[in-house]
file run06.cif (mmCIF, N, CA and C atoms)
data_structure
loop_
_atom_site.label_atom_id
_atom_site.label_comp_id
_atom_site.auth_asym_id
_atom_site.auth_seq_id
_atom_site.Cartn_x
_atom_site.Cartn_y
_atom_site.Cartn_z
N MET A 26 139.94 174.11 106.37
CA MET A 26 139.35 172.80 106.57
C MET A 26 138.77 172.74 107.99
N THR A 27 137.51 172.47 108.06
CA THR A 27 136.83 172.28 109.34
C THR A 27 136.38 170.84 109.42
N ILE A 28 136.65 170.20 110.55
CA ILE A 28 136.20 168.82 110.75
C ILE A 28 135.44 168.74 112.06
N ARG A 29 134.65 167.67 112.19
CA ARG A 29 133.97 167.35 113.45
C ARG A 29 134.36 165.95 113.88
N VAL A 30 134.70 165.82 115.16
CA VAL A 30 135.12 164.55 115.72
C VAL A 30 134.12 164.16 116.81
N PRO A 31 133.48 162.99 116.70
CA PRO A 31 132.52 162.57 117.74
C PRO A 31 133.21 162.11 119.02
N VAL A 32 132.58 162.43 120.14
CA VAL A 32 133.06 162.01 121.45
C VAL A 32 131.86 161.53 122.26
N LYS A 33 131.94 160.32 122.79
CA LYS A 33 130.90 159.78 123.67
C LYS A 33 131.29 160.13 125.10
N VAL A 34 130.41 160.83 125.81
CA VAL A 34 130.70 161.27 127.18
C VAL A 34 130.70 160.07 128.12
N ARG A 35 131.81 159.89 128.83
CA ARG A 35 131.95 158.80 129.78
C ARG A 35 131.54 159.27 131.17
N TYR A 36 131.09 158.33 131.97
CA TYR A 36 130.66 158.65 133.34
C TYR A 36 131.77 159.33 134.13
N ALA A 37 133.00 158.88 133.95
CA ALA A 37 134.14 159.44 134.69
C ALA A 37 134.40 160.91 134.35
N GLU A 38 133.81 161.40 133.28
CA GLU A 38 134.01 162.79 132.88
C GLU A 38 132.99 163.74 133.51
N THR A 39 132.06 163.18 134.26
CA THR A 39 131.02 164.01 134.87
C THR A 39 131.33 164.29 136.33
N ASP A 40 130.70 165.35 136.85
CA ASP A 40 130.90 165.71 138.25
C ASP A 40 129.68 165.31 139.08
N ALA A 41 129.63 165.76 140.31
CA ALA A 41 128.54 165.39 141.22
C ALA A 41 127.18 165.92 140.75
N MET A 42 127.19 166.91 139.88
CA MET A 42 125.94 167.46 139.35
C MET A 42 125.47 166.73 138.10
N GLY A 43 126.26 165.72 137.67
CA GLY A 43 125.86 164.93 136.52
C GLY A 43 126.20 165.54 135.18
N VAL A 44 127.02 166.59 135.19
CA VAL A 44 127.42 167.23 133.93
C VAL A 44 128.92 167.05 133.72
N VAL A 45 129.35 167.21 132.50
CA VAL A 45 130.78 167.10 132.19
C VAL A 45 131.52 168.22 132.90
N HIS A 46 132.56 167.83 133.66
CA HIS A 46 133.38 168.81 134.37
C HIS A 46 134.12 169.68 133.34
N HIS A 47 134.26 170.95 133.64
CA HIS A 47 134.85 171.89 132.68
C HIS A 47 136.26 171.47 132.22
N SER A 48 137.02 170.83 133.07
CA SER A 48 138.38 170.43 132.71
C SER A 48 138.41 169.31 131.67
N ARG A 49 137.32 168.58 131.53
CA ARG A 49 137.29 167.43 130.63
C ARG A 49 137.18 167.82 129.16
N TYR A 50 136.84 169.07 128.88
CA TYR A 50 136.74 169.49 127.50
C TYR A 50 138.11 169.62 126.84
N VAL A 51 139.13 169.98 127.62
CA VAL A 51 140.46 170.21 127.04
C VAL A 51 141.00 168.96 126.34
N PRO A 52 140.92 167.76 126.92
CA PRO A 52 141.37 166.58 126.17
C PRO A 52 140.58 166.34 124.88
N TRP A 53 139.30 166.71 124.89
CA TRP A 53 138.50 166.57 123.67
C TRP A 53 139.03 167.49 122.58
N LEU A 54 139.46 168.69 122.96
CA LEU A 54 140.04 169.62 121.98
C LEU A 54 141.31 169.02 121.38
N GLU A 55 142.13 168.44 122.25
CA GLU A 55 143.36 167.82 121.76
C GLU A 55 143.05 166.67 120.81
N LEU A 56 142.08 165.85 121.16
CA LEU A 56 141.67 164.75 120.30
C LEU A 56 141.29 165.27 118.91
N ALA A 57 140.50 166.32 118.86
CA ALA A 57 140.06 166.89 117.58
C ALA A 57 141.23 167.52 116.82
N ARG A 58 142.09 168.23 117.54
CA ARG A 58 143.24 168.89 116.90
C ARG A 58 144.19 167.87 116.28
N VAL A 59 144.47 166.79 117.00
CA VAL A 59 145.35 165.74 116.48
C VAL A 59 144.70 165.06 115.27
N GLU A 60 143.39 164.85 115.33
CA GLU A 60 142.67 164.26 114.19
C GLU A 60 142.70 165.21 112.99
N TRP A 61 142.59 166.52 113.23
CA TRP A 61 142.66 167.51 112.15
C TRP A 61 144.00 167.39 111.44
N LEU A 62 145.08 167.32 112.20
CA LEU A 62 146.41 167.18 111.60
C LEU A 62 146.53 165.87 110.83
N GLU A 63 145.97 164.80 111.39
CA GLU A 63 145.99 163.50 110.73
C GLU A 63 145.29 163.57 109.37
N ARG A 64 144.11 164.18 109.35
CA ARG A 64 143.35 164.28 108.09
C ARG A 64 144.04 165.18 107.08
N LEU A 65 144.83 166.12 107.59
CA LEU A 65 145.62 166.99 106.72
C LEU A 65 146.75 166.22 106.05
N GLY A 66 147.10 165.08 106.63
CA GLY A 66 148.23 164.31 106.13
C GLY A 66 149.51 164.63 106.88
N LEU A 67 149.35 165.21 108.08
CA LEU A 67 150.48 165.60 108.90
C LEU A 67 150.29 165.04 110.32
N PRO A 68 150.43 163.72 110.47
CA PRO A 68 150.27 163.15 111.81
C PRO A 68 151.20 163.81 112.81
N TYR A 69 150.69 164.03 114.02
CA TYR A 69 151.50 164.70 115.03
C TYR A 69 152.77 163.93 115.35
N THR A 70 152.73 162.62 115.17
CA THR A 70 153.94 161.81 115.37
C THR A 70 155.04 162.23 114.40
N GLU A 71 154.67 162.66 113.19
CA GLU A 71 155.66 163.14 112.22
C GLU A 71 156.24 164.48 112.64
N VAL A 72 155.40 165.34 113.22
CA VAL A 72 155.88 166.62 113.73
C VAL A 72 156.92 166.35 114.82
N GLU A 73 156.58 165.46 115.75
CA GLU A 73 157.50 165.12 116.84
C GLU A 73 158.77 164.44 116.33
N ALA A 74 158.65 163.63 115.28
CA ALA A 74 159.82 162.95 114.71
C ALA A 74 160.82 163.96 114.15
N GLN A 75 160.33 165.15 113.79
CA GLN A 75 161.21 166.20 113.30
C GLN A 75 161.80 167.02 114.45
N GLY A 76 161.53 166.59 115.68
CA GLY A 76 162.08 167.29 116.84
C GLY A 76 161.29 168.53 117.22
N LEU A 77 160.02 168.58 116.82
CA LEU A 77 159.18 169.75 117.07
C LEU A 77 157.97 169.38 117.91
N ALA A 78 157.39 170.41 118.52
CA ALA A 78 156.13 170.26 119.25
C ALA A 78 155.35 171.55 119.07
N PHE A 79 154.03 171.43 119.03
CA PHE A 79 153.16 172.61 119.02
C PHE A 79 152.62 172.77 120.44
N ALA A 80 153.42 173.41 121.29
CA ALA A 80 153.08 173.54 122.70
C ALA A 80 151.88 174.47 122.89
N VAL A 81 150.97 174.06 123.77
CA VAL A 81 149.81 174.90 124.09
C VAL A 81 150.29 176.04 124.97
N VAL A 82 150.01 177.28 124.55
CA VAL A 82 150.39 178.45 125.35
C VAL A 82 149.17 179.23 125.85
N GLU A 83 147.99 178.91 125.30
CA GLU A 83 146.77 179.58 125.76
C GLU A 83 145.56 178.75 125.35
N ILE A 84 144.60 178.68 126.26
CA ILE A 84 143.30 178.07 125.95
C ILE A 84 142.23 178.97 126.52
N ASN A 85 141.19 179.19 125.73
CA ASN A 85 140.05 179.99 126.17
C ASN A 85 138.79 179.26 125.77
N LEU A 86 137.89 179.03 126.73
CA LEU A 86 136.63 178.35 126.45
C LEU A 86 135.47 179.10 127.06
N LYS A 87 134.35 179.12 126.35
CA LYS A 87 133.09 179.66 126.86
C LYS A 87 132.12 178.49 126.95
N TYR A 88 131.64 178.25 128.16
CA TYR A 88 130.71 177.14 128.40
C TYR A 88 129.29 177.68 128.32
N ARG A 89 128.49 177.14 127.42
CA ARG A 89 127.14 177.64 127.19
C ARG A 89 126.06 176.69 127.75
N VAL A 90 126.18 175.42 127.40
CA VAL A 90 125.20 174.40 127.81
C VAL A 90 126.00 173.16 128.20
N PRO A 91 125.67 172.51 129.32
CA PRO A 91 126.47 171.35 129.74
C PRO A 91 126.19 170.10 128.90
N ALA A 92 127.23 169.30 128.77
CA ALA A 92 127.08 167.94 128.23
C ALA A 92 126.89 167.02 129.43
N ARG A 93 126.24 165.88 129.18
CA ARG A 93 125.94 164.94 130.27
C ARG A 93 126.38 163.53 129.88
N PHE A 94 126.50 162.69 130.89
CA PHE A 94 126.86 161.29 130.67
C PHE A 94 125.93 160.67 129.64
N GLY A 95 126.52 159.95 128.70
CA GLY A 95 125.75 159.28 127.66
C GLY A 95 125.56 160.09 126.40
N ASP A 96 125.77 161.40 126.47
CA ASP A 96 125.66 162.23 125.27
C ASP A 96 126.75 161.85 124.28
N THR A 97 126.46 162.00 123.02
CA THR A 97 127.50 161.99 122.00
C THR A 97 127.60 163.42 121.49
N VAL A 98 128.76 164.00 121.65
CA VAL A 98 129.00 165.37 121.20
C VAL A 98 129.96 165.33 120.02
N GLU A 99 130.03 166.42 119.30
CA GLU A 99 131.00 166.55 118.21
C GLU A 99 131.85 167.77 118.47
N VAL A 100 133.16 167.58 118.38
CA VAL A 100 134.10 168.68 118.54
C VAL A 100 134.51 169.15 117.15
N GLU A 101 134.14 170.37 116.85
CA GLU A 101 134.47 170.99 115.57
C GLU A 101 135.77 171.77 115.74
N VAL A 102 136.70 171.61 114.81
CA VAL A 102 137.99 172.28 114.91
C VAL A 102 138.42 172.78 113.54
N ARG A 103 139.11 173.92 113.57
CA ARG A 103 139.71 174.46 112.35
C ARG A 103 140.89 175.33 112.72
N LEU A 104 141.83 175.46 111.82
CA LEU A 104 142.98 176.33 112.00
C LEU A 104 142.59 177.72 111.55
N SER A 105 142.64 178.70 112.46
CA SER A 105 142.18 180.05 112.12
C SER A 105 143.31 181.06 111.97
N GLU A 106 144.45 180.81 112.60
CA GLU A 106 145.60 181.73 112.50
C GLU A 106 146.87 180.91 112.35
N LEU A 107 147.82 181.50 111.63
CA LEU A 107 149.09 180.83 111.40
C LEU A 107 150.17 181.88 111.22
N SER A 108 151.28 181.70 111.91
CA SER A 108 152.44 182.58 111.72
C SER A 108 153.67 181.69 111.59
N SER A 109 154.82 182.29 111.47
CA SER A 109 156.05 181.51 111.29
C SER A 109 156.36 180.62 112.49
N ARG A 110 155.83 180.98 113.67
CA ARG A 110 156.12 180.21 114.88
C ARG A 110 154.87 179.74 115.62
N GLY A 111 153.70 180.18 115.22
CA GLY A 111 152.52 179.87 116.03
C GLY A 111 151.28 179.53 115.23
N LEU A 112 150.32 178.93 115.96
CA LEU A 112 149.04 178.53 115.37
C LEU A 112 147.93 178.84 116.35
N ARG A 113 146.74 179.02 115.81
CA ARG A 113 145.54 179.12 116.64
C ARG A 113 144.48 178.21 116.03
N PHE A 114 143.91 177.35 116.88
CA PHE A 114 142.81 176.50 116.48
C PHE A 114 141.55 177.00 117.16
N ASP A 115 140.45 177.04 116.43
CA ASP A 115 139.14 177.40 116.99
C ASP A 115 138.30 176.14 117.11
N TYR A 116 137.47 176.11 118.16
CA TYR A 116 136.67 174.93 118.46
C TYR A 116 135.23 175.31 118.75
N ARG A 117 134.35 174.39 118.43
CA ARG A 117 132.96 174.41 118.89
C ARG A 117 132.59 172.98 119.24
N VAL A 118 131.91 172.82 120.37
CA VAL A 118 131.44 171.50 120.78
C VAL A 118 129.92 171.51 120.66
N TRP A 119 129.41 170.54 119.92
CA TRP A 119 127.98 170.47 119.60
C TRP A 119 127.35 169.20 120.15
N ARG A 120 126.11 169.28 120.54
CA ARG A 120 125.25 168.12 120.75
C ARG A 120 124.09 168.34 119.80
N ASP A 121 124.03 167.55 118.76
CA ASP A 121 123.07 167.76 117.68
C ASP A 121 123.23 169.20 117.18
N GLU A 122 122.19 170.02 117.25
CA GLU A 122 122.27 171.40 116.77
C GLU A 122 122.51 172.40 117.89
N THR A 123 122.79 171.91 119.10
CA THR A 123 122.99 172.79 120.25
C THR A 123 124.48 173.04 120.47
N LEU A 124 124.87 174.31 120.48
CA LEU A 124 126.25 174.69 120.76
C LEU A 124 126.48 174.63 122.27
N LEU A 125 127.42 173.79 122.70
CA LEU A 125 127.70 173.62 124.12
C LEU A 125 128.86 174.49 124.59
N VAL A 126 129.93 174.49 123.82
CA VAL A 126 131.17 175.17 124.20
C VAL A 126 131.81 175.72 122.94
N GLU A 127 132.46 176.88 123.08
CA GLU A 127 133.27 177.39 121.98
C GLU A 127 134.52 178.03 122.55
N GLY A 128 135.57 178.04 121.76
CA GLY A 128 136.82 178.62 122.24
C GLY A 128 137.95 178.42 121.26
N TYR A 129 139.16 178.57 121.78
CA TYR A 129 140.34 178.46 120.93
C TYR A 129 141.54 178.02 121.77
N SER A 130 142.57 177.57 121.07
CA SER A 130 143.86 177.31 121.70
C SER A 130 144.94 177.91 120.81
N ARG A 131 145.97 178.45 121.46
CA ARG A 131 147.14 178.98 120.75
C ARG A 131 148.32 178.07 121.05
N HIS A 132 149.18 177.90 120.03
CA HIS A 132 150.31 176.99 120.12
C HIS A 132 151.57 177.66 119.60
N LEU A 133 152.68 177.33 120.22
CA LEU A 133 153.98 177.83 119.81
C LEU A 133 154.82 176.64 119.35
N CYS A 134 155.44 176.77 118.20
CA CYS A 134 156.32 175.71 117.70
C CYS A 134 157.61 175.77 118.53
N GLN A 135 157.96 174.60 119.10
CA GLN A 135 159.15 174.51 119.94
C GLN A 135 160.03 173.35 119.50
N SER A 136 161.32 173.53 119.79
CA SER A 136 162.28 172.45 119.55
C SER A 136 162.22 171.46 120.70
N ARG A 137 162.92 170.35 120.57
CA ARG A 137 162.99 169.36 121.66
C ARG A 137 163.50 169.98 122.96
N GLU A 138 164.33 171.00 122.80
CA GLU A 138 164.92 171.68 123.97
C GLU A 138 163.96 172.69 124.58
N GLY A 139 162.78 172.85 123.98
CA GLY A 139 161.79 173.77 124.51
C GLY A 139 161.97 175.21 124.07
N ARG A 140 162.77 175.44 123.05
CA ARG A 140 162.98 176.79 122.54
C ARG A 140 162.03 177.06 121.37
N ALA A 141 161.51 178.28 121.33
CA ALA A 141 160.66 178.67 120.20
C ALA A 141 161.46 178.56 118.92
N THR A 142 160.80 178.05 117.90
CA THR A 142 161.46 177.88 116.61
C THR A 142 160.46 178.10 115.49
N ARG A 143 160.96 178.34 114.32
CA ARG A 143 160.08 178.53 113.16
C ARG A 143 159.50 177.19 112.72
N ILE A 144 158.28 177.25 112.23
CA ILE A 144 157.66 176.06 111.64
C ILE A 144 158.35 175.82 110.31
N PRO A 145 158.85 174.62 110.05
CA PRO A 145 159.54 174.35 108.78
C PRO A 145 158.65 174.70 107.58
N PRO A 146 159.26 175.21 106.51
CA PRO A 146 158.48 175.67 105.35
C PRO A 146 157.50 174.64 104.79
N GLU A 147 157.89 173.36 104.75
CA GLU A 147 157.00 172.35 104.17
C GLU A 147 155.76 172.15 105.06
N ILE A 148 155.93 172.20 106.38
CA ILE A 148 154.80 172.08 107.29
C ILE A 148 153.96 173.35 107.23
N LEU A 149 154.62 174.50 107.22
CA LEU A 149 153.91 175.78 107.15
C LEU A 149 153.04 175.84 105.90
N GLY A 150 153.56 175.36 104.78
CA GLY A 150 152.80 175.35 103.53
C GLY A 150 151.56 174.46 103.61
N GLN A 151 151.72 173.28 104.21
CA GLN A 151 150.57 172.38 104.39
C GLN A 151 149.49 173.04 105.26
N LEU A 152 149.93 173.65 106.35
CA LEU A 152 148.99 174.29 107.26
C LEU A 152 148.30 175.47 106.60
N GLU A 153 149.07 176.30 105.90
CA GLU A 153 148.50 177.50 105.27
C GLU A 153 147.43 177.14 104.24
N ALA A 154 147.63 176.04 103.55
CA ALA A 154 146.67 175.62 102.53
C ALA A 154 145.31 175.25 103.14
N HIS A 155 145.28 175.01 104.45
CA HIS A 155 144.04 174.58 105.10
C HIS A 155 143.56 175.53 106.20
N ARG A 156 144.19 176.70 106.29
CA ARG A 156 143.79 177.70 107.28
C ARG A 156 142.52 178.38 106.81
N GLU A 157 141.65 178.71 107.78
CA GLU A 157 140.40 179.43 107.48
C GLU A 157 140.39 180.71 108.28
N SER A 158 139.56 181.66 107.85
CA SER A 158 139.45 182.90 108.63
C SER A 158 138.81 182.62 109.98
N ARG A 159 138.83 183.58 110.88
CA ARG A 159 138.33 183.38 112.24
C ARG A 159 136.85 183.09 112.33
N GLU A 160 136.06 183.61 111.46
CA GLU A 160 134.60 183.42 111.54
C GLU A 160 134.22 182.03 111.06
N ILE A 161 133.59 181.27 111.94
CA ILE A 161 133.12 179.92 111.55
C ILE A 161 131.76 180.07 110.88
#
call {"tool": "encode", "arguments": {"input": "run06.cif", "output": "structure tokens"}}
result
Amino acid sequence: MTIRVPVKVRYAETDAMGVVHHSRYVPWLELARVEWLERLGLPYTEVEAQGLAFAVVEINLKYRVPARFGDTVEVEVRLSELSSRGLRFDYRVWRDETLLVEGYSRHLCQSREGRATRIPPEILGQLEAHRESREI
């Protein structure tokens, strides 16, 4: 399952050069990832209610074209890898038909105590049903 989430670029997200600062893309990825889980029928609040978290352990982004104040961009997200303890989400940020940024984030399932743990079978099954191969 691949979804796109619209984001309106705010002035506070831009730097002195008038473009979106590179650090501002990471919250957009989180916004899209949480929305992806919501549309799957697995709100992140339910994951947390089970005493779990999908902690970010790696993020990689390639910046191709800058976004600017006033732009409306779309963050495309999909689950590309899944294991008993981890996930990888792939992202693309678009302005109309122009690819601005692409990358991925890796996550480790952790307990409230911060220890790596297995993803419960019912959650793993939901995720696996919507995982896609790496090629978008």
call {"tool": "atom_distance", "arguments": {"input": "run06.cif", "atom1": "CA of Tyr116 in chain A", "atom2": "CA of Arg64 in chain A"}}
result
16.3 Å
call {"tool": "closest_atom_pairs", "arguments": {"input": "run06.cif", "of": "range 77-124 of chain A", "to": "range 49-53 of chain A", "cutoff": "9 Å", "atoms": "only C-alpha atoms", "output": "Markdown table"}}
result
| residue | atom | partner | partner_atom | distance |
| --- | --- | --- | --- | --- |
| A:Ile84 | CA | A:Val51 | CA | 8.4 |
| A:Leu86 | CA | A:Tyr50 | CA | 8.9 |
| A:Val100 | CA | A:Trp53 | CA | 7.1 |
| A:Val118 | CA | A:Tyr50 | CA | 8.8 |
call {"tool": "atom_distance", "arguments": {"input": "run06.cif", "atom1": "CA of Tyr36 in chain A", "atom2": "CA of Asp96 in chain A"}}
result
10.1 Å
call {"tool": "resolve_selection", "arguments": {"input": "run06.cif", "expression": "the PyMOL selection byres ((chain A and resi 119) around 7)", "output": "PyMOL selection string"}}
result
chain A and resi 97-101+117-118+120-126
call {"tool": "closest_residue", "arguments": {"input": "run06.cif", "among": "A:Arg103, A:Ile148, A:Arg143, A:Phe94", "to": "Thr39 in chain A", "atoms": "only N, CA and C atoms"}}
result
A:Phe94
call {"tool": "select_by_dssp", "arguments": {"input": "run06.cif", "residues": "chain A", "states": "alpha helix (DSSP H)", "output": "PyMOL selection string"}}
result
chain A and resi 50-65+69-74+146-153
call {"tool": "write_last_selection", "arguments": {"input": "run06.cif", "atoms": "N, CA and C atoms", "output": "PDB file, keeping the file's coordinate frame"}}
result
ATOM      1  N   TYR A  50     136.840 169.070 128.880  1.00  0.00           N
ATOM      2  CA  TYR A  50     136.740 169.490 127.500  1.00  0.00           C
ATOM      3  C   TYR A  50     138.110 169.620 126.840  1.00  0.00           C
ATOM      4  N   VAL A  51     139.130 169.980 127.620  1.00  0.00           N
ATOM      5  CA  VAL A  51     140.460 170.210 127.040  1.00  0.00           C
ATOM      6  C   VAL A  51     141.000 168.960 126.340  1.00  0.00           C
ATOM      7  N   PRO A  52     140.920 167.760 126.920  1.00  0.00           N
ATOM      8  CA  PRO A  52     141.370 166.580 126.170  1.00  0.00           C
ATOM      9  C   PRO A  52     140.580 166.340 124.880  1.00  0.00           C
ATOM     10  N   TRP A  53     139.300 166.710 124.890  1.00  0.00           N
ATOM     11  CA  TRP A  53     138.500 166.570 123.670  1.00  0.00           C
ATOM     12  C   TRP A  53     139.030 167.490 122.580  1.00  0.00           C
ATOM     13  N   LEU A  54     139.460 168.690 122.960  1.00  0.00           N
ATOM     14  CA  LEU A  54     140.040 169.620 121.980  1.00  0.00           C
ATOM     15  C   LEU A  54     141.310 169.020 121.380  1.00  0.00           C
ATOM     16  N   GLU A  55     142.130 168.440 122.250  1.00  0.00           N
ATOM     17  CA  GLU A  55     143.360 167.820 121.760  1.00  0.00           C
ATOM     18  C   GLU A  55     143.050 166.670 120.810  1.00  0.00           C
ATOM     19  N   LEU A  56     142.080 165.850 121.160  1.00  0.00           N
ATOM     20  CA  LEU A  56     141.670 164.750 120.300  1.00  0.00           C
ATOM     21  C   LEU A  56     141.290 165.270 118.910  1.00  0.00           C
ATOM     22  N   ALA A  57     140.500 166.320 118.860  1.00  0.00           N
ATOM     23  CA  ALA A  57     140.060 166.890 117.580  1.00  0.00           C
ATOM     24  C   ALA A  57     141.230 167.520 116.820  1.00  0.00           C
ATOM     25  N   ARG A  58     142.090 168.230 117.540  1.00  0.00           N
ATOM     26  CA  ARG A  58     143.240 168.890 116.900  1.00  0.00           C
ATOM     27  C   ARG A  58     144.190 167.870 116.280  1.00  0.00           C
ATOM     28  N   VAL A  59     144.470 166.790 117.000  1.00  0.00           N
ATOM     29  CA  VAL A  59     145.350 165.740 116.480  1.00  0.00           C
ATOM     30  C   VAL A  59     144.700 165.060 115.270  1.00  0.00           C
ATOM     31  N   GLU A  60     143.390 164.850 115.330  1.00  0.00           N
ATOM     32  CA  GLU A  60     142.670 164.260 114.190  1.00  0.00           C
ATOM     33  C   GLU A  60     142.700 165.210 112.990  1.00  0.00           C
ATOM     34  N   TRP A  61     142.590 166.520 113.230  1.00  0.00           N
ATOM     35  CA  TRP A  61     142.660 167.510 112.150  1.00  0.00           C
ATOM     36  C   TRP A  61     144.000 167.390 111.440  1.00  0.00           C
ATOM     37  N   LEU A  62     145.080 167.320 112.200  1.00  0.00           N
ATOM     38  CA  LEU A  62     146.410 167.180 111.600  1.00  0.00           C
ATOM     39  C   LEU A  62     146.530 165.870 110.830  1.00  0.00           C
ATOM     40  N   GLU A  63     145.970 164.800 111.390  1.00  0.00           N
ATOM     41  CA  GLU A  63     145.990 163.500 110.730  1.00  0.00           C
ATOM     42  C   GLU A  63     145.290 163.570 109.370  1.00  0.00           C
ATOM     43  N   ARG A  64     144.110 164.180 109.350  1.00  0.00           N
ATOM     44  CA  ARG A  64     143.350 164.280 108.090  1.00  0.00           C
ATOM     45  C   ARG A  64     144.040 165.180 107.080  1.00  0.00           C
ATOM     46  N   LEU A  65     144.830 166.120 107.590  1.00  0.00           N
ATOM     47  CA  LEU A  65     145.620 166.990 106.720  1.00  0.00           C
ATOM     48  C   LEU A  65     146.750 166.220 106.050  1.00  0.00           C
ATOM     49  N   TYR A  69     150.690 164.030 114.020  1.00  0.00           N
ATOM     50  CA  TYR A  69     151.500 164.700 115.030  1.00  0.00           C
ATOM     51  C   TYR A  69     152.770 163.930 115.350  1.00  0.00           C
ATOM     52  N   THR A  70     152.730 162.620 115.170  1.00  0.00           N
ATOM     53  CA  THR A  70     153.940 161.810 115.370  1.00  0.00           C
ATOM     54  C   THR A  70     155.040 162.230 114.400  1.00  0.00           C
ATOM     55  N   GLU A  71     154.670 162.660 113.190  1.00  0.00           N
ATOM     56  CA  GLU A  71     155.660 163.140 112.220  1.00  0.00           C
ATOM     57  C   GLU A  71     156.240 164.480 112.640  1.00  0.00           C
ATOM     58  N   VAL A  72     155.400 165.340 113.220  1.00  0.00           N
ATOM     59  CA  VAL A  72     155.880 166.620 113.730  1.00  0.00           C
ATOM     60  C   VAL A  72     156.920 166.350 114.820  1.00  0.00           C
ATOM     61  N   GLU A  73     156.580 165.460 115.750  1.00  0.00           N
ATOM     62  CA  GLU A  73     157.500 165.120 116.840  1.00  0.00           C
ATOM     63  C   GLU A  73     158.770 164.440 116.330  1.00  0.00           C
ATOM     64  N   ALA A  74     158.650 163.630 115.280  1.00  0.00           N
ATOM     65  CA  ALA A  74     159.820 162.950 114.710  1.00  0.00           C
ATOM     66  C   ALA A  74     160.820 163.960 114.150  1.00  0.00           C
ATOM     67  N   PRO A 146     159.260 175.210 106.510  1.00  0.00           N
ATOM     68  CA  PRO A 146     158.480 175.670 105.350  1.00  0.00           C
ATOM     69  C   PRO A 146     157.500 174.640 104.790  1.00  0.00           C
ATOM     70  N   GLU A 147     157.890 173.360 104.750  1.00  0.00           N
ATOM     71  CA  GLU A 147     157.000 172.350 104.170  1.00  0.00           C
ATOM     72  C   GLU A 147     155.760 172.150 105.060  1.00  0.00           C
ATOM     73  N   ILE A 148     155.930 172.200 106.380  1.00  0.00           N
ATOM     74  CA  ILE A 148     154.800 172.080 107.290  1.00  0.00           C
ATOM     75  C   ILE A 148     153.960 173.350 107.230  1.00  0.00           C
ATOM     76  N   LEU A 149     154.620 174.500 107.220  1.00  0.00           N
ATOM     77  CA  LEU A 149     153.910 175.780 107.150  1.00  0.00           C
ATOM     78  C   LEU A 149     153.040 175.840 105.900  1.00  0.00           C
ATOM     79  N   GLY A 150     153.560 175.360 104.780  1.00  0.00           N
ATOM     80  CA  GLY A 150     152.800 175.350 103.530  1.00  0.00           C
ATOM     81  C   GLY A 150     151.560 174.460 103.610  1.00  0.00           C
ATOM     82  N   GLN A 151     151.720 173.280 104.210  1.00  0.00           N
ATOM     83  CA  GLN A 151     150.570 172.380 104.390  1.00  0.00           C
ATOM     84  C   GLN A 151     149.490 173.040 105.260  1.00  0.00           C
ATOM     85  N   LEU A 152     149.930 173.650 106.350  1.00  0.00           N
ATOM     86  CA  LEU A 152     148.990 174.290 107.260  1.00  0.00           C
ATOM     87  C   LEU A 152     148.300 175.470 106.600  1.00  0.00           C
ATOM     88  N   GLU A 153     149.070 176.300 105.900  1.00  0.00           N
ATOM     89  CA  GLU A 153     148.500 177.500 105.270  1.00  0.00           C
ATOM     90  C   GLU A 153     147.430 177.140 104.240  1.00  0.00           C
TER      91      GLU A 153
END
call {"tool": "atom_distance", "arguments": {"input": "run06.cif", "atom1": "CA of Ala141 in chain A", "atom2": "CA of Val30 in chain A"}}
result
29.5 Å
call {"tool": "axis_aligned_box", "arguments": {"input": "run06.cif", "around": "range 29-34 of chain A", "padding_each_side": "3 Å", "output": "lines of an AutoDock Vina configuration file"}}
result
center_x = 132.8
center_y = 163.7
center_z = 120.2
size_x = 10.7
size_y = 13.9
size_z = 21.9
call {"tool": "residues_near_point", "arguments": {"input": "run06.cif", "point": "(152.7, 171.0, 120.2)", "cutoff": "7 Å", "atoms": "only N, CA and C atoms", "output": "PDB file with N, CA and C atoms, keeping the file's coordinate frame"}}
result
ATOM      1  N   LEU A  77     160.020 168.580 116.820  1.00  0.00           N
ATOM      2  CA  LEU A  77     159.180 169.750 117.070  1.00  0.00           C
ATOM      3  C   LEU A  77     157.970 169.380 117.910  1.00  0.00           C
ATOM      4  N   ALA A  78     157.390 170.410 118.520  1.00  0.00           N
ATOM      5  CA  ALA A  78     156.130 170.260 119.250  1.00  0.00           C
ATOM      6  C   ALA A  78     155.350 171.550 119.070  1.00  0.00           C
ATOM      7  N   PHE A  79     154.030 171.430 119.030  1.00  0.00           N
ATOM      8  CA  PHE A  79     153.160 172.610 119.020  1.00  0.00           C
ATOM      9  C   PHE A  79     152.620 172.770 120.440  1.00  0.00           C
ATOM     10  N   ALA A  80     153.420 173.410 121.290  1.00  0.00           N
ATOM     11  CA  ALA A  80     153.080 173.540 122.700  1.00  0.00           C
ATOM     12  C   ALA A  80     151.880 174.470 122.890  1.00  0.00           C
ATOM     13  N   VAL A  81     150.970 174.060 123.770  1.00  0.00           N
ATOM     14  CA  VAL A  81     149.810 174.900 124.090  1.00  0.00           C
ATOM     15  C   VAL A  81     150.290 176.040 124.970  1.00  0.00           C
ATOM     16  N   HIS A 132     149.180 177.900 120.030  1.00  0.00           N
ATOM     17  CA  HIS A 132     150.310 176.990 120.120  1.00  0.00           C
ATOM     18  C   HIS A 132     151.570 177.660 119.600  1.00  0.00           C
ATOM     19  N   LEU A 133     152.680 177.330 120.220  1.00  0.00           N
ATOM     20  CA  LEU A 133     153.980 177.830 119.810  1.00  0.00           C
ATOM     21  C   LEU A 133     154.820 176.640 119.350  1.00  0.00           C
ATOM     22  N   CYS A 134     155.440 176.770 118.200  1.00  0.00           N
ATOM     23  CA  CYS A 134     156.320 175.710 117.700  1.00  0.00           C
ATOM     24  C   CYS A 134     157.610 175.770 118.530  1.00  0.00           C
ATOM     25  N   GLN A 135     157.960 174.600 119.100  1.00  0.00           N
ATOM     26  CA  GLN A 135     159.150 174.510 119.940  1.00  0.00           C
ATOM     27  C   GLN A 135     160.030 173.350 119.500  1.00  0.00           C
TER      28      GLN A 135
END
call {"tool": "closest_residue", "arguments": {"input": "run06.cif", "among": "A:Thr70, A:Thr142, A:Ser136, A:Ser48", "to": "Ser108 in chain A", "atoms": "only C-alpha atoms"}}
result
A:Thr142
